[in-house]
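Shown next: input-v8.csv, containing CSV, C-alpha atoms.
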chain,number,residue,atom,x,y,z
A,1,MET,CA,127.4,48.8,90.0
A,2,THR,CA,123.6,48.8,89.4
A,3,THR,CA,122.4,52.2,88.2
A,4,PRO,CA,119.8,53.4,90.8
A,5,ALA,CA,116.6,55.2,89.7
A,6,ALA,CA,117.0,59.0,89.8
A,7,ALA,CA,115.7,60.1,93.2
A,8,PRO,CA,116.4,62.7,95.8
A,9,LEU,CA,119.5,61.9,97.9
A,10,PRO,CA,119.3,62.3,101.7
A,11,ALA,CA,120.1,65.8,103.1
A,12,ILE,CA,123.7,66.1,104.3
A,13,PRO,CA,123.9,66.7,108.0
A,14,THR,CA,124.5,70.3,109.1
A,15,GLN,CA,128.1,71.1,109.9
A,16,THR,CA,128.2,74.8,109.7
A,17,ALA,CA,125.7,77.6,109.7
A,18,ASP,CA,126.6,78.9,106.2
A,19,GLY,CA,125.5,76.0,104.0
A,20,ALA,CA,124.8,75.9,100.3
A,21,GLY,CA,121.1,75.1,100.5
A,22,VAL,CA,119.5,73.1,97.7
A,23,VAL,CA,121.8,71.5,95.1
A,24,LEU,CA,120.6,69.8,92.0
A,25,LEU,CA,123.0,67.3,90.4
A,26,VAL,CA,122.3,66.5,86.8
A,27,GLU,CA,124.6,63.5,86.0
A,28,ASP,CA,123.8,60.4,84.0
A,29,ASP,CA,126.6,58.3,85.5
A,30,ALA,CA,125.6,56.7,88.8
A,31,GLY,CA,129.2,56.3,89.9
A,32,ASP,CA,130.0,59.9,89.4
A,33,ALA,CA,126.8,60.9,91.2
A,34,LEU,CA,127.8,58.7,94.2
A,35,LEU,CA,131.3,60.4,94.3
A,36,VAL,CA,129.7,63.8,94.4
A,37,GLU,CA,127.5,62.8,97.2
A,38,GLU,CA,130.4,61.4,99.2
A,39,TYR,CA,132.5,64.5,98.5
A,40,LEU,CA,129.7,66.8,99.7
A,41,GLN,CA,129.4,64.8,102.9
A,42,ASP,CA,133.1,65.6,103.6
A,43,THR,CA,132.6,69.3,103.2
A,44,ALA,CA,131.4,71.9,105.7
A,45,LEU,CA,128.4,72.7,103.5
A,46,THR,CA,124.8,72.3,104.6
A,47,VAL,CA,123.2,70.8,101.5
A,48,SER,CA,120.0,69.1,100.4
A,49,LEU,CA,121.1,67.2,97.3
A,50,THR,CA,118.8,66.0,94.5
A,51,TRP,CA,120.2,63.8,91.7
A,52,VAL,CA,118.6,63.4,88.3
A,53,GLN,CA,120.1,61.6,85.3
A,54,THR,CA,118.7,63.6,82.3
A,55,PHE,CA,118.0,67.1,81.4
A,56,GLY,CA,114.3,66.2,81.0
A,57,GLU,CA,114.2,65.0,84.6
A,58,ALA,CA,115.9,68.2,85.7
A,59,ARG,CA,113.2,70.2,83.8
A,60,GLY,CA,110.5,68.3,85.8
A,61,PHE,CA,112.3,68.9,89.1
A,62,LEU,CA,112.7,72.6,88.4
A,63,ALA,CA,109.0,73.2,87.7
A,64,GLY,CA,108.0,75.7,90.4
A,65,ARG,CA,111.2,75.6,92.3
A,66,THR,CA,114.7,77.0,92.1
A,67,PRO,CA,117.8,75.3,93.6
A,68,ASP,CA,120.7,77.4,94.9
A,69,CYS,CA,123.3,75.5,92.8
A,70,VAL,CA,123.2,73.2,89.8
A,71,LEU,CA,126.0,70.7,89.2
A,72,LEU,CA,125.6,70.0,85.5
A,73,ASP,CA,127.3,67.3,83.5
A,74,LEU,CA,128.2,68.5,80.0
A,75,HIS,CA,127.4,65.2,78.4
A,76,LEU,CA,123.9,64.1,79.1
A,77,PRO,CA,121.8,61.8,76.9
A,78,ASP,CA,119.4,64.6,76.0
A,79,ALA,CA,121.6,67.7,76.3
A,80,SER,CA,125.3,68.7,76.0
A,81,GLY,CA,127.8,71.5,75.8
A,82,THR,CA,127.1,75.2,76.0
A,83,ALA,CA,123.5,74.5,74.7
A,84,ALA,CA,122.8,72.6,78.0
A,85,VAL,CA,124.2,75.5,80.0
A,86,GLN,CA,122.1,78.0,78.2
A,87,SER,CA,119.0,75.9,78.6
A,88,MET,CA,119.6,75.5,82.3
A,89,GLN,CA,120.0,79.2,82.7
A,90,ARG,CA,116.6,79.7,81.0
A,91,LEU,CA,115.0,77.1,83.3
A,92,CYS,CA,116.5,78.6,86.6
A,93,PRO,CA,118.2,81.9,86.0
A,94,ASP,CA,118.7,82.5,89.7
A,95,ALA,CA,120.7,79.4,90.3
A,96,ALA,CA,124.5,79.2,90.3
A,97,VAL,CA,125.6,76.6,87.6
A,98,ILE,CA,128.9,74.6,87.9
A,99,VAL,CA,129.6,72.3,84.9
A,100,LEU,CA,131.3,68.9,85.3
A,101,THR,CA,133.7,68.1,82.5
A,102,GLY,CA,136.2,65.3,81.6
A,103,LEU,CA,139.9,65.6,82.3
A,104,ASP,CA,140.7,66.7,78.8
A,105,GLU,CA,137.8,69.2,78.4
A,106,THR,CA,139.4,72.4,79.7
A,107,ARG,CA,138.2,74.2,76.5
A,108,SER,CA,134.7,73.0,77.0
A,109,GLY,CA,134.7,74.2,80.6
A,110,ILE,CA,135.9,77.6,79.6
A,111,GLU,CA,133.3,77.8,76.8
A,112,ALA,CA,130.6,76.8,79.4
A,113,VAL,CA,131.7,79.6,81.7
A,114,ALA,CA,131.6,82.0,78.8
A,115,ALA,CA,128.1,80.9,78.1
A,116,GLY,CA,127.0,81.8,81.7
A,117,ALA,CA,128.1,79.0,84.0
A,118,GLN,CA,129.8,80.2,87.2
A,119,ASP,CA,132.6,77.6,87.2
A,120,TYR,CA,133.7,74.2,85.8
A,121,LEU,CA,135.2,71.2,87.5
A,122,PRO,CA,137.1,68.3,85.8
A,123,LYS,CA,135.5,65.2,87.3
A,124,GLY,CA,138.8,63.3,87.7
A,125,ARG,CA,140.3,66.1,89.8
A,126,VAL,CA,137.4,66.8,92.2
A,127,THR,CA,138.2,66.7,95.9
A,128,PRO,CA,135.9,67.6,98.8
A,129,GLU,CA,137.9,70.8,99.3
A,130,LEU,CA,137.8,71.8,95.6
A,131,LEU,CA,134.1,71.0,95.4
A,132,GLU,CA,133.3,73.1,98.5
A,133,ARG,CA,135.3,76.0,97.3
A,134,ALA,CA,133.8,75.9,93.8
A,135,ILE,CA,130.2,75.9,95.2
A,136,ARG,CA,130.9,78.7,97.6
A,137,TYR,CA,132.6,80.9,94.9
A,138,ALA,CA,129.9,80.1,92.4
A,139,LEU,CA,127.2,81.1,94.9
A,140,HIS,CA,129.1,84.3,95.6
A,141,ARG,CA,129.5,85.1,92.0
A,142,LYS,CA,125.9,84.4,91.2
A,143,ASN,CA,124.8,86.7,94.1
A,144,THR,CA,127.1,89.4,92.8
A,145,GLU,CA,125.5,89.0,89.3
A,146,ARG,CA,122.0,89.3,90.7
A,147,ALA,CA,122.9,92.3,92.8
A,148,THR,CA,124.5,93.9,89.7
A,149,ALA,CA,121.5,93.1,87.6
A,150,ARG,CA,119.2,94.6,90.2
A,151,LEU,CA,121.3,97.7,90.4
A,152,ARG,CA,121.2,98.1,86.7
A,153,GLU,CA,117.5,97.5,86.6
A,154,ASN,CA,117.0,100.2,89.3
A,155,GLU,CA,119.2,102.6,87.3
A,156,LEU,CA,117.1,102.0,84.2
A,157,ARG,CA,113.9,102.4,86.1
A,158,ALA,CA,115.2,105.7,87.6
A,159,GLN,CA,116.1,106.9,84.1
A,160,GLU,CA,112.7,105.9,82.7
A,161,ASN,CA,110.9,107.5,85.6
A,162,ALA,CA,113.0,110.7,85.1
A,163,ARG,CA,111.9,110.9,81.5
A,164,LEU,CA,108.3,110.2,82.3
A,165,GLU,CA,108.4,112.7,85.2
A,166,ARG,CA,109.6,115.4,82.9
A,167,GLY,CA,106.6,114.7,80.7
A,168,LEU,CA,104.2,114.6,83.6
A,169,LEU,CA,105.7,117.7,85.4
A,170,PRO,CA,106.8,120.2,82.7
A,171,ALA,CA,108.1,123.6,83.4
A,172,PRO,CA,105.3,126.1,83.6
A,173,LEU,CA,104.9,128.3,80.4
A,174,LEU,CA,104.5,131.7,82.0
A,175,ARG,CA,104.8,135.2,80.6
A,176,SER,CA,104.3,137.2,83.9
A,177,THR,CA,106.6,137.4,86.9
A,178,ASP,CA,103.6,138.4,89.1
A,179,VAL,CA,102.4,134.9,89.3
A,180,LEU,CA,103.9,132.4,91.6
A,181,THR,CA,103.5,128.7,90.8
A,182,SER,CA,104.7,125.5,92.4
A,183,THR,CA,104.0,121.9,91.6
A,184,CYS,CA,104.8,118.5,93.1
A,185,TYR,CA,104.5,114.8,92.1
A,186,LEU,CA,105.1,112.0,94.6
A,187,PRO,CA,104.9,108.4,93.4
A,188,GLY,CA,103.1,106.3,96.0
A,189,ARG,CA,103.9,102.7,95.0
A,190,LYS,CA,106.7,100.3,95.9
A,191,ASN,CA,110.0,101.1,94.0
A,192,ALA,CA,108.6,104.6,93.3
A,193,LEU,CA,106.9,103.6,90.2
A,194,LEU,CA,105.2,106.5,88.5
A,195,GLY,CA,101.4,106.5,88.0
A,196,GLY,CA,99.3,108.6,85.6
A,197,ASP,CA,98.9,111.8,87.6
A,198,PHE,CA,99.7,114.8,85.4
A,199,LEU,CA,99.6,118.6,85.6
A,200,ASP,CA,100.6,121.7,83.6
A,201,ILE,CA,100.4,125.5,83.6
A,202,VAL,CA,100.4,127.8,80.6
A,203,GLN,CA,99.9,131.6,80.3
A,204,THR,CA,98.6,132.6,76.8
A,205,PRO,CA,99.4,136.0,75.1
A,206,ASP,CA,96.1,137.4,76.4
A,207,GLY,CA,97.4,137.2,79.9
A,208,LEU,CA,95.1,134.3,80.9
A,209,LEU,CA,96.4,131.6,83.1
A,210,HIS,CA,95.5,128.0,82.2
A,211,ALA,CA,96.1,125.0,84.5
A,212,VAL,CA,95.2,121.3,84.3
A,213,ILE,CA,95.6,118.5,86.8
A,214,GLY,CA,94.5,114.9,86.1
A,215,ASP,CA,94.8,111.3,87.1
A,216,VAL,CA,94.8,108.3,84.8
A,217,SER,CA,93.4,105.1,86.3
A,218,GLY,CA,96.0,102.5,87.3
A,219,HIS,CA,99.8,102.7,87.9
A,220,GLY,CA,102.9,101.9,86.0
A,221,PRO,CA,104.4,102.8,82.6
A,222,ASP,CA,101.1,102.5,80.7
A,223,ALA,CA,99.3,104.9,83.0
A,224,ALA,CA,102.3,107.3,83.1
A,225,ALA,CA,102.7,107.3,79.3
A,226,LEU,CA,99.0,108.0,78.9
A,227,GLY,CA,99.3,110.8,81.5
A,228,VAL,CA,102.1,112.3,79.5
A,229,CYS,CA,100.1,112.0,76.3
A,230,LEU,CA,97.1,113.8,77.8
A,231,ARG,CA,99.2,116.5,79.3
A,232,ILE,CA,100.9,117.3,76.0
A,233,THR,CA,97.5,117.2,74.2
A,234,TRP,CA,96.1,119.7,76.7
A,235,ARG,CA,99.1,122.1,76.3
A,236,SER,CA,98.9,121.9,72.5
A,237,LEU,CA,95.1,122.5,72.5
A,238,ILE,CA,95.4,125.5,74.9
A,239,LEU,CA,98.1,127.1,72.7
A,240,GLY,CA,95.9,126.4,69.7
A,241,GLY,CA,92.9,128.3,71.2
A,242,HIS,CA,90.7,125.4,72.3
A,243,ARG,CA,88.8,125.8,75.5
A,244,ASP,CA,86.5,124.1,78.1
A,245,THR,CA,84.2,121.4,76.8
A,246,GLU,CA,85.6,121.3,73.3
A,247,LEU,CA,89.1,120.8,74.7
A,248,LEU,CA,87.9,117.9,77.0
A,249,GLY,CA,86.2,116.3,74.1
A,250,ILE,CA,89.4,116.2,72.0
A,251,MET,CA,91.4,114.9,75.1
A,252,GLU,CA,88.9,112.1,75.4
A,253,GLN,CA,89.3,111.1,71.8
A,254,VAL,CA,93.1,111.0,72.3
A,255,LEU,CA,92.7,108.9,75.5
A,256,VAL,CA,90.5,106.4,73.8
A,257,ALA,CA,92.9,106.1,70.9
A,258,GLU,CA,96.0,105.8,73.1
A,259,ARG,CA,94.9,103.7,76.1
A,260,SER,CA,96.2,100.2,76.4
A,261,THR,CA,92.9,98.7,77.7
A,262,PRO,CA,89.3,99.7,77.3
A,263,GLU,CA,88.9,100.1,81.1
A,264,MET,CA,91.4,103.0,81.4
A,265,PHE,CA,89.9,106.4,82.1
A,266,ALA,CA,91.2,109.7,83.4
A,267,THR,CA,89.8,112.4,85.7
A,268,CYS,CA,90.9,116.0,85.3
A,269,ALA,CA,90.2,119.6,86.3
A,270,ILE,CA,90.8,122.5,84.0
A,271,LEU,CA,91.2,126.0,85.3
A,272,THR,CA,91.4,129.3,83.4
A,273,VAL,CA,92.2,132.4,85.5
A,274,ASP,CA,91.9,136.0,84.4
A,275,PRO,CA,94.0,137.8,87.1
A,276,THR,CA,93.3,141.3,85.8
A,277,HIS,CA,89.5,141.0,86.2
A,278,HIS,CA,89.6,138.5,89.1
A,279,ARG,CA,87.6,135.8,87.3
A,280,ALA,CA,88.1,132.1,86.8
A,281,THR,CA,86.4,129.3,84.8
A,282,VAL,CA,86.5,125.7,86.2
A,283,THR,CA,85.6,122.6,84.2
A,284,LEU,CA,85.6,119.3,86.0
A,285,ALA,CA,85.7,115.8,84.5
A,286,GLY,CA,85.3,113.4,87.5
A,287,HIS,CA,87.8,115.4,89.5
A,288,ASP,CA,87.8,117.3,92.8
A,289,GLU,CA,87.3,121.1,92.7
A,290,PRO,CA,90.2,123.5,93.1
A,291,LEU,CA,90.7,125.0,96.6
A,292,LEU,CA,90.6,128.7,97.1
A,293,ILE,CA,92.9,130.2,99.8
A,294,PRO,CA,92.0,133.9,100.2
A,295,PRO,CA,94.2,136.4,102.1
A,296,SER,CA,91.8,136.2,104.9
A,297,GLY,CA,89.0,133.9,105.8
A,298,ALA,CA,88.8,130.1,105.6
A,299,ALA,CA,90.1,128.1,102.6
A,300,ARG,CA,87.2,126.5,100.7
A,301,PRO,CA,86.5,124.5,97.5
A,302,VAL,CA,85.6,126.5,94.4
A,303,GLU,CA,82.0,125.8,93.7
A,304,ALA,CA,81.8,124.0,90.3
A,305,ARG,CA,79.5,121.6,88.5
A,306,HIS,CA,80.9,118.1,88.0
A,307,GLY,CA,81.1,116.1,84.8
A,308,ILE,CA,82.0,112.5,83.9
A,309,ALA,CA,85.6,111.3,83.8
A,310,LEU,CA,87.2,111.1,80.3
A,311,GLY,CA,86.8,107.7,78.7
A,312,MET,CA,84.0,106.4,81.0
A,313,LEU,CA,81.4,106.9,78.3
A,314,PRO,CA,83.3,107.9,75.2
A,315,GLY,CA,81.4,110.4,73.0
A,316,HIS,CA,78.7,110.9,75.6
A,317,GLY,CA,80.5,113.0,78.2
A,318,SER,CA,78.8,116.1,79.6
A,319,TRP,CA,81.0,118.8,81.1
A,320,HIS,CA,79.9,122.2,82.4
A,321,PRO,CA,82.2,125.2,82.7
A,322,THR,CA,81.6,127.1,85.9
A,323,HIS,CA,82.4,130.8,86.1
A,324,CYS,CA,83.3,132.4,89.4
A,325,THR,CA,84.8,135.6,90.9
A,326,LEU,CA,88.1,135.6,92.7
A,327,PRO,CA,89.5,137.9,95.4
A,328,PRO,CA,92.1,140.4,94.0
A,329,ARG,CA,94.8,138.4,95.8
A,330,ALA,CA,94.4,134.7,96.2
A,331,THR,CA,96.0,131.3,96.0
A,332,LEU,CA,94.4,128.4,94.1
A,333,LEU,CA,95.4,124.8,94.9
A,334,MET,CA,94.6,121.8,92.7
A,335,HIS,CA,95.4,118.2,93.6
A,336,THR,CA,94.8,114.6,92.7
A,337,ASP,CA,92.9,112.3,95.1
A,338,GLY,CA,96.1,110.7,96.4
A,339,LEU,CA,96.4,113.8,98.7
A,340,VAL,CA,93.0,113.3,100.4
A,341,GLU,CA,92.5,109.5,100.3
A,342,GLY,CA,95.1,108.7,102.9
A,343,HIS,CA,94.1,107.6,106.4
A,344,THR,CA,94.0,109.7,109.5
A,345,VAL,CA,95.9,108.9,112.7
A,346,GLY,CA,94.8,105.7,114.4
A,347,SER,CA,92.1,104.8,111.9
A,348,ASP,CA,92.1,102.4,108.9
A,349,ARG,CA,88.5,103.4,108.0
A,350,HIS,CA,88.5,107.2,108.0
A,351,ARG,CA,90.2,109.1,105.2
A,352,LEU,CA,91.6,112.5,105.3
A,353,GLY,CA,89.2,113.9,102.8
A,354,THR,CA,88.8,117.5,101.7
A,355,ASP,CA,87.7,118.7,105.1
A,356,GLY,CA,90.9,117.3,106.7
A,357,LEU,CA,93.0,118.8,103.9
A,358,LEU,CA,91.4,122.3,104.5
A,359,ARG,CA,92.4,122.0,108.2
A,360,ILE,CA,96.0,121.3,107.2
A,361,ILE,CA,95.9,124.2,104.8
A,362,GLU,CA,94.8,126.6,107.5
A,363,ALA,CA,97.8,125.6,109.6
A,364,GLY,CA,100.1,126.5,106.7
A,365,ARG,CA,98.4,129.3,104.9
A,366,HIS,CA,101.2,131.8,105.7
A,367,LEU,CA,103.7,129.6,103.7
A,368,SER,CA,105.0,130.3,100.2
A,369,PRO,CA,103.7,127.9,97.5
A,370,PRO,CA,106.6,125.5,97.6
A,371,ASP,CA,106.6,125.4,101.4
A,372,LEU,CA,102.8,125.0,101.5
A,373,ILE,CA,103.1,122.0,99.2
A,374,ASP,CA,105.8,120.5,101.4
A,375,HIS,CA,103.6,121.1,104.5
A,376,LEU,CA,100.5,119.5,102.9
A,377,THR,CA,102.2,116.4,101.5
A,378,GLY,CA,104.4,115.9,104.5
A,379,THR,CA,101.5,116.2,106.9
A,380,ALA,CA,99.1,114.0,104.9
A,381,ARG,CA,101.7,111.3,104.5
A,382,SER,CA,102.6,111.4,108.2
A,383,LEU,CA,99.0,111.0,109.2
A,384,ASP,CA,98.6,108.1,106.7
A,385,ALA,CA,101.7,106.4,108.0
A,386,GLY,CA,102.3,104.4,104.9
A,387,ARG,CA,98.8,102.7,104.7
A,388,HIS,CA,97.8,104.3,101.4
A,389,THR,CA,99.9,103.8,98.3
A,390,ASP,CA,98.4,106.1,95.6
A,391,ASP,CA,100.4,108.8,93.8
A,392,LEU,CA,99.7,112.4,94.5
A,393,ALA,CA,100.2,115.6,92.5
A,394,VAL,CA,99.7,119.2,93.7
A,395,LEU,CA,99.6,122.5,91.8
A,396,VAL,CA,99.5,125.9,93.4
A,397,LEU,CA,98.9,129.3,91.7
A,398,SER,CA,99.1,132.5,93.7
A,399,TRP,CA,99.4,136.3,93.1
A,400,THR,CA,101.7,138.5,95.1
A,401,ALA,CA,100.1,141.9,94.4
A,402,ASP,CA,96.8,143.4,93.5
A,403,ARG,CA,96.1,144.0,89.8

Have the structure of the file written as structure tokens, please.
Amino acid sequence: MTTPAAAPLPAIPTQTADGAGVVLLVEDDAGDALLVEEYLQDTALTVSLTWVQTFGEARGFLAGRTPDCVLLDLHLPDASGTAAVQSMQRLCPDAAVIVLTGLDETRSGIEAVAAGAQDYLPKGRVTPELLERAIRYALHRKNTERATARLRENELRAQENARLERGLLPAPLLRSTDVLTSTCYLPGRKNALLGGDFLDIVQTPDGLLHAVIGDVSGHGPDAAALGVCLRITWRSLILGGHRDTELLGIMEQVLVAERSTPEMFATCAILTVDPTHHRATVTLAGHDEPLLIPPSGAARPVEARHGIALGMLPGHGSWHPTHCTLPPRATLLMHTDGLVEGHTVGSDRHRLGTDGLLRIIEAGRHLSPPDLIDHLTGTARSLDAGRHTDDLAVLVLSWTADR
């Protein structure tokens, strides 16, 4: 028999709805290749078969495409044994691999399966029924492997997210039971990947309450890790006695040293509250103002001067602490922009914005801090209807009695 040039073989006619898709046959013997084609024609599989004679030709065929199944001869001119199986897995990790062996190569077939192949077939014993069953089982086992791998990947991601979330959302460090606090972080991207939103609350021995909320640009592990780093830096500096512009300057130095790319920056708002004397100091670095919710009257933003985000112009930032008076009893709400940048009902152009958020707050101002956060985030996300994918973080401080 004259050896034909390696070329795609014609698609086998459809006999059942549950076919095997694209099959790549890597076999240097033309007679064996013809037998495989004839056997496949006698099965109930729906197959588009491509035959190549060398591993190099297989590599060219696989550039940019992945077959459902690969029938791989273990003795090719340019590859053989378990090394060929491992190389094929690197080329197309999502394909089921069945190795073709000689009659007396049972050990080689078992070694190939141990190296990652789904099955092996001795060439001299192949029948249409055996080939069909081997392909179906191999595809099933490969699908099971992929599902197991995805499950494990999701478990690892969940564990990683839990560790990062603990860093982004620490337990408040409070000394007084008169202060109610509540926090929330909701990932906004596909697969619930964490971003760089961070927040923290600390009460120092002098009775002052300190809070921070911030947002690192970007999403994913780099942004989340930098958010954790900035949050820990802030808490350490607060406990060490640093305040306001000095504190932001050090945080910016840490950001510049730890960021993975020069383009990364972070916005943040820092709040210091003196509940005894009803005073607060707000320092903004490219972030929205806290919102004041008094016992009576409309909720409103706390008037404060804005400064540049951390990392935008390292060493040249200008931040302005703003001092203000608070009602004897009040609630302060801080948030990242993911809460206000969502869309409104029926509009892909109009964002919720601070005005829209204030209207939602008015409808839920009677709620406790945890319930208020649930009301805000649930309403905002319902209005957006999944069109906006940013993370959001919310922090609420409130006092239950006059001082």

Nearest to Asp244 (chain A), chosen from A:Ser318, A:Pro275, A:Val23, A:Gly207, with all atoms listed in the file counted in the distances
A:Ser318

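Between Arg279 (chain A) and the candidates A:Arg329, A:Leu248, A:Leu91, A:Leu230, the tightest atom-to-atom separation, counting all atoms listed in the file, involves A:Arg329.
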
I'd like the contact shell of Ala63 (chain A) - 10 Å cut-off, all atoms listed in the file, skipping same-chain residues fewer than 3 positions apart - returned as an MDAnalysis selection string.
chainID A and resid 58:60 66 91:92

Just the residues within 10 Å of region 233-235 of chain A, please, counting all atoms listed in the file, with nothing from its chain fewer than 3 positions along; format it as a ChimeraX atom specification.
/A:173,199-202,210-212,227-230,238-240,242-243,247-248,250-251,254-255,270

Please list as a ChimeraX atom specification every residue within 10 Å of Arg231 (chain A), counting all atoms listed in the file and excluding residues in the same chain fewer than 5 positions away.
/A:167-170,197-200,212-214,225-226,236-237,251

Mind listing whatever residues come within 8 Å of the point (120.1, 66.2, 83.6)? Use all atoms listed in the file, file coordinates, and give them as a VMD selection string.
chain A and resid 25 to 28 52 to 59 72 to 73 76 78 to 79

Would you save the residues from that selection as a PDB file, in the frame of the given file, using C-alpha atoms?
ATOM      1  CA  LEU A  25     123.000  67.300  90.400  1.00  0.00           C
ATOM      2  CA  VAL A  26     122.300  66.500  86.800  1.00  0.00           C
ATOM      3  CA  GLU A  27     124.600  63.500  86.000  1.00  0.00           C
ATOM      4  CA  ASP A  28     123.800  60.400  84.000  1.00  0.00           C
ATOM      5  CA  VAL A  52     118.600  63.400  88.300  1.00  0.00           C
ATOM      6  CA  GLN A  53     120.100  61.600  85.300  1.00  0.00           C
ATOM      7  CA  THR A  54     118.700  63.600  82.300  1.00  0.00           C
ATOM      8  CA  PHE A  55     118.000  67.100  81.400  1.00  0.00           C
ATOM      9  CA  GLY A  56     114.300  66.200  81.000  1.00  0.00           C
ATOM     10  CA  GLU A  57     114.200  65.000  84.600  1.00  0.00           C
ATOM     11  CA  ALA A  58     115.900  68.200  85.700  1.00  0.00           C
ATOM     12  CA  ARG A  59     113.200  70.200  83.800  1.00  0.00           C
ATOM     13  CA  LEU A  72     125.600  70.000  85.500  1.00  0.00           C
ATOM     14  CA  ASP A  73     127.300  67.300  83.500  1.00  0.00           C
ATOM     15  CA  LEU A  76     123.900  64.100  79.100  1.00  0.00           C
ATOM     16  CA  ASP A  78     119.400  64.600  76.000  1.00  0.00           C
ATOM     17  CA  ALA A  79     121.600  67.700  76.300  1.00  0.00           C
TER      18      ALA A  79
END

Residues within 9 Å of (130.4, 77.5, 91.4), counting all atoms listed in the file, listed as a list in words:
Cys69, Val70, Leu71, Ala96, Val97, Ile98, Val99, Ala117, Gln118, Asp119, Tyr120, Leu121, Leu131, Glu132, Arg133, Ala134, Ile135, Arg136, Tyr137, Ala138, Leu139, His140, Arg141 and Lys142 of chain A

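Counting only C-alpha atoms and comparing A:Gln89, A:His219, A:Leu24, A:Glu37, the residue that lies closest to Asp68 (chain A) is A:Leu24.
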